Amino acid sequence: MPIIKTKDSTDLYVKDWGSGRPVVLLHGWPLSADSWDDHAYALANAGYRVIAYDRRGFGRSGQPWTGYDYDTLSDDLADVLEETGATDATIVGFSMGGGEVARYMSRHGGRGVIKAGLISSVVPFLLKTDDNPNGVPEAKIEEIKAGIREDRATYLATFLQGFYGVGWITSPVSQEVLDWSLAMSLQAGLKPTLACVDAFAKTDFRGDLPAFTVPTLVIHGTSDTTVPIGPTGRAAAAGIAQAELIEYDGAPHGLLVTERERVTADLLAFLAR
């Protein structure tokens, strides 16, 4: 490794740390696998094999023109599992990455997976519609894309402040964390950055929920303004038969940083059960 070539010849950059039962970590938009590093390091030291990869179009992976729909993205996950030989795996998706988990469970029958995790995830449906009234309005989604097209660096710098719950007076993260996250975000291509907004915001995963036939950990912050907990975390937990929901009171979207130690502890406890 560290490059895996998918069935449509896209290069995916893969980190493969440690040894033991595999845990596959899927990153959020618009970041890369590096956003999982603290947790991957802790899990590997705890005796797990940790596999994290840059989604197509992001980080160090290839940037093809097509393939930013969840069917293709779940096929990429299937290719990573196959090429790494990961079986009896736990797959955990953060934010946009939760969609890959859901679509893999339905499209690929959850092959090789014994547990799943959804952290600050967009599953089951983020978009506001008549039958999903608590979702995010489509106009807000279009504003995101317009801001990226106008001035991607400035827009993402502002977006990341909300992502981590930065306020006018206090901030749960340092300026250096914001700078690091922006640098990760700007590794992505413009096309995948825009295309994945439509993918994570407009894909309806409600029909994928019955395919979760394994124990599933759902973690979500109650003050997440990027992916509100109502139509996502709480709805996912209600629709997945073996789900355990842990709500982080007052926490924002970027839990991997703002609640780093708690997330690691909850993941380790879940993996040990």
# chains A, B, ... in the order shown; residues from 1 in each chain; ligands from 1

$ residues_around --residues "Leu127 of chain A" --least-positions-apart "3" --cutoff "8 Å" --atoms "only C-alpha atoms" --output "PDB file with all heavy atoms, in the first residue's frame"
ATOM      1  N   ASN A 132     -39.413  15.228   5.800  1.00  0.00           N
ATOM      2  CA  ASN A 132     -38.234  15.370   6.664  1.00  0.00           C
ATOM      3  C   ASN A 132     -38.129  16.841   7.082  1.00  0.00           C
ATOM      4  O   ASN A 132     -37.172  17.539   6.748  1.00  0.00           O
ATOM      5  CB  ASN A 132     -36.971  14.919   5.917  1.00  0.00           C
ATOM      6  CG  ASN A 132     -35.777  14.716   6.834  1.00  0.00           C
ATOM      7  OD1 ASN A 132     -35.897  14.139   7.914  1.00  0.00           O
ATOM      8  ND2 ASN A 132     -34.612  15.172   6.410  1.00  0.00           N
ATOM      9  N   GLY A 135     -34.979  18.838   8.551  1.00  0.00           N
ATOM     10  CA  GLY A 135     -33.708  18.820   7.844  1.00  0.00           C
ATOM     11  C   GLY A 135     -33.209  20.210   7.484  1.00  0.00           C
ATOM     12  O   GLY A 135     -33.812  21.239   7.818  1.00  0.00           O
ATOM     13  N   VAL A 136     -32.099  20.245   6.776  1.00  0.00           N
ATOM     14  CA  VAL A 136     -31.472  21.499   6.349  1.00  0.00           C
ATOM     15  C   VAL A 136     -32.105  21.953   5.038  1.00  0.00           C
ATOM     16  O   VAL A 136     -32.173  21.175   4.078  1.00  0.00           O
ATOM     17  CB  VAL A 136     -29.955  21.303   6.170  1.00  0.00           C
ATOM     18  CG1 VAL A 136     -29.303  22.578   5.632  1.00  0.00           C
ATOM     19  CG2 VAL A 136     -29.315  20.892   7.494  1.00  0.00           C
ATOM     20  N   PRO A 137     -32.583  23.207   4.944  1.00  0.00           N
ATOM     21  CA  PRO A 137     -33.210  23.680   3.708  1.00  0.00           C
ATOM     22  C   PRO A 137     -32.262  23.616   2.510  1.00  0.00           C
ATOM     23  O   PRO A 137     -31.057  23.850   2.646  1.00  0.00           O
ATOM     24  CB  PRO A 137     -33.567  25.138   4.034  1.00  0.00           C
ATOM     25  CG  PRO A 137     -33.645  25.190   5.525  1.00  0.00           C
ATOM     26  CD  PRO A 137     -32.609  24.210   6.015  1.00  0.00           C
ATOM     27  N   GLU A 138     -32.824  23.316   1.348  1.00  0.00           N
ATOM     28  CA  GLU A 138     -31.998  23.218   0.144  1.00  0.00           C
ATOM     29  C   GLU A 138     -31.296  24.536  -0.165  1.00  0.00           C
ATOM     30  O   GLU A 138     -30.174  24.541  -0.682  1.00  0.00           O
ATOM     31  CB  GLU A 138     -32.843  22.772  -1.047  1.00  0.00           C
ATOM     32  CG  GLU A 138     -32.022  22.503  -2.288  1.00  0.00           C
ATOM     33  CD  GLU A 138     -32.805  21.827  -3.388  1.00  0.00           C
ATOM     34  OE1 GLU A 138     -34.033  21.640  -3.231  1.00  0.00           O
ATOM     35  OE2 GLU A 138     -32.182  21.458  -4.407  1.00  0.00           O
ATOM     36  N   ALA A 201     -25.687  15.965   1.350  1.00  0.00           N
ATOM     37  CA  ALA A 201     -26.867  16.725   1.767  1.00  0.00           C
ATOM     38  C   ALA A 201     -28.157  16.187   1.179  1.00  0.00           C
ATOM     39  O   ALA A 201     -29.224  16.337   1.796  1.00  0.00           O
ATOM     40  CB  ALA A 201     -26.700  18.193   1.382  1.00  0.00           C
ATOM     41  N   LYS A 202     -28.103  15.570   0.016  1.00  0.00           N
ATOM     42  CA  LYS A 202     -29.324  15.220  -0.696  1.00  0.00           C
ATOM     43  C   LYS A 202     -29.581  13.718  -0.834  1.00  0.00           C
ATOM     44  O   LYS A 202     -30.630  13.326  -1.345  1.00  0.00           O
ATOM     45  CB  LYS A 202     -29.305  15.875  -2.081  1.00  0.00           C
ATOM     46  CG  LYS A 202     -29.247  17.406  -2.022  1.00  0.00           C
ATOM     47  CD  LYS A 202     -29.232  18.039  -3.403  1.00  0.00           C
ATOM     48  CE  LYS A 202     -29.156  19.555  -3.324  1.00  0.00           C
ATOM     49  NZ  LYS A 202     -29.142  20.182  -4.665  1.00  0.00           N
TER      50      LYS A 202
END

$ select_by_dssp --residues "segment 237-270 of chain A" --states "helix (DSSP H, G or I)" --output "list in words"
Ala237, Ala238, Gly239, Leu255, Leu256, Val257, Thr258, Arg260, Glu261, Arg262, Val263, Thr264, Ala265, Asp266, Leu267, Leu268, Ala269 and Phe270 of chain A

$ closest_atom_pairs --of "segment 61-121 of chain A" --to "segment 27-39 of chain A" --cutoff "6 Å" --atoms "only C-alpha atoms" --output "JSON lines"
{"residue": "A:Phe94", "atom": "CA", "partner": "A:Gly28", "partner_atom": "CA", "distance": 5.3}
{"residue": "A:Ser95", "atom": "CA", "partner": "A:Gly28", "partner_atom": "CA", "distance": 4.9}
{"residue": "A:Met96", "atom": "CA", "partner": "A:Gly28", "partner_atom": "CA", "distance": 4.8}
{"residue": "A:Gly97", "atom": "CA", "partner": "A:His27", "partner_atom": "CA", "distance": 5.3}

$ write_last_selection --atoms "N, CA, C and O atoms" --output "mmCIF file, in the first residue's frame"
data_model
loop_
_atom_site.group_PDB
_atom_site.id
_atom_site.type_symbol
_atom_site.label_atom_id
_atom_site.label_comp_id
_atom_site.auth_asym_id
_atom_site.auth_seq_id
_atom_site.Cartn_x
_atom_site.Cartn_y
_atom_site.Cartn_z
ATOM 1 N N PHE A 94 -17.504 9.258 10.053
ATOM 2 C CA PHE A 94 -17.740 10.576 10.632
ATOM 3 C C PHE A 94 -18.401 11.476 9.589
ATOM 4 O O PHE A 94 -17.934 11.558 8.455
ATOM 5 N N SER A 95 -19.495 12.122 9.951
ATOM 6 C CA SER A 95 -20.179 13.104 9.112
ATOM 7 C C SER A 95 -20.531 12.487 7.750
ATOM 8 O O SER A 95 -21.275 11.526 7.676
ATOM 9 N N MET A 96 -19.960 13.001 6.652
ATOM 10 C CA MET A 96 -20.230 12.438 5.332
ATOM 11 C C MET A 96 -19.893 10.959 5.282
ATOM 12 O O MET A 96 -20.543 10.178 4.574
ATOM 13 N N GLY A 97 -18.872 10.542 6.040
ATOM 14 C CA GLY A 97 -18.442 9.152 6.028
ATOM 15 C C GLY A 97 -19.504 8.187 6.511
ATOM 16 O O GLY A 97 -19.454 6.991 6.178
#

$ atom_distance --atom1 "atom CA of Asp204 of chain A" --atom2 "atom CA of Asp54 of chain A"
23.1 Å

$ select_by_dssp --residues "segment 156-241 of chain A" --states "strand (DSSP E)" --output "PyMOL selection string"
chain A and resi 216-221

$ write_last_selection --atoms "N, CA and C atoms" --output "PDB file, in the first residue's frame"
ATOM      1  N   THR A 216     -24.500  -1.171  16.328  1.00  0.00           N
ATOM      2  CA  THR A 216     -24.121   0.111  15.730  1.00  0.00           C
ATOM      3  C   THR A 216     -24.068   1.188  16.800  1.00  0.00           C
ATOM      4  N   LEU A 217     -22.948   1.877  16.877  1.00  0.00           N
ATOM      5  CA  LEU A 217     -22.777   2.979  17.811  1.00  0.00           C
ATOM      6  C   LEU A 217     -23.066   4.291  17.091  1.00  0.00           C
ATOM      7  N   VAL A 218     -23.954   5.102  17.672  1.00  0.00           N
ATOM      8  CA  VAL A 218     -24.289   6.416  17.118  1.00  0.00           C
ATOM      9  C   VAL A 218     -23.882   7.462  18.148  1.00  0.00           C
ATOM     10  N   ILE A 219     -23.002   8.371  17.749  1.00  0.00           N
ATOM     11  CA  ILE A 219     -22.556   9.469  18.615  1.00  0.00           C
ATOM     12  C   ILE A 219     -22.859  10.777  17.916  1.00  0.00           C
ATOM     13  N   HIS A 220     -23.464  11.723  18.634  1.00  0.00           N
ATOM     14  CA  HIS A 220     -23.810  12.996  18.007  1.00  0.00           C
ATOM     15  C   HIS A 220     -23.869  14.085  19.068  1.00  0.00           C
ATOM     16  N   GLY A 221     -23.412  15.276  18.719  1.00  0.00           N
ATOM     17  CA  GLY A 221     -23.483  16.419  19.611  1.00  0.00           C
ATOM     18  C   GLY A 221     -24.843  17.100  19.537  1.00  0.00           C
TER      19      GLY A 221
END

$ closest_residue --among "A:Ala116, A:Ala251, A:Ile51, A:Ala243" --to "Gly162 of chain A" --atoms "only C-alpha atoms"
A:Ala251

$ closest_atom_pairs --of "segment 8-59 of chain A" --to "segment 187-191 of chain A" --cutoff "6 Å" --atoms "only C-alpha atoms" --output "CSV"
residue,atom,partner,partner_atom,distance
A:Gly57,CA,A:Ala188,CA,5.7
A:Phe58,CA,A:Ala188,CA,4.1
A:Gly59,CA,A:Gln187,CA,5.2

$ residues_around --residues "segment 71-80 of chain A" --least-positions-apart "6" --cutoff "8 Å" --atoms "only C-alpha atoms" --output "VMD selection string"
chain A and resid 4 6 to 7 55 to 56 100 to 101 103 to 104 107 to 108

$ write_last_selection --atoms "C-alpha atoms" --output "PDB file, in the first residue's frame"
ATOM      1  CA  ILE A   4      -5.146   1.069  -3.523  1.00  0.00           C
ATOM      2  CA  THR A   6     -10.311   0.959  -7.218  1.00  0.00           C
ATOM      3  CA  LYS A   7     -12.173  -0.982  -9.859  1.00  0.00           C
ATOM      4  CA  ARG A  55     -11.955   9.527  -0.072  1.00  0.00           C
ATOM      5  CA  ARG A  56     -11.625   9.899  -3.847  1.00  0.00           C
ATOM      6  CA  GLU A 100     -20.545   5.301   3.010  1.00  0.00           C
ATOM      7  CA  VAL A 101     -21.179   3.045   5.999  1.00  0.00           C
ATOM      8  CA  ARG A 103     -24.679   2.440   1.607  1.00  0.00           C
ATOM      9  CA  TYR A 104     -22.055  -0.278   2.096  1.00  0.00           C
ATOM     10  CA  ARG A 107     -25.367  -2.245  -1.432  1.00  0.00           C
ATOM     11  CA  HIS A 108     -22.742  -4.776  -0.330  1.00  0.00           C
TER      12      HIS A 108
END
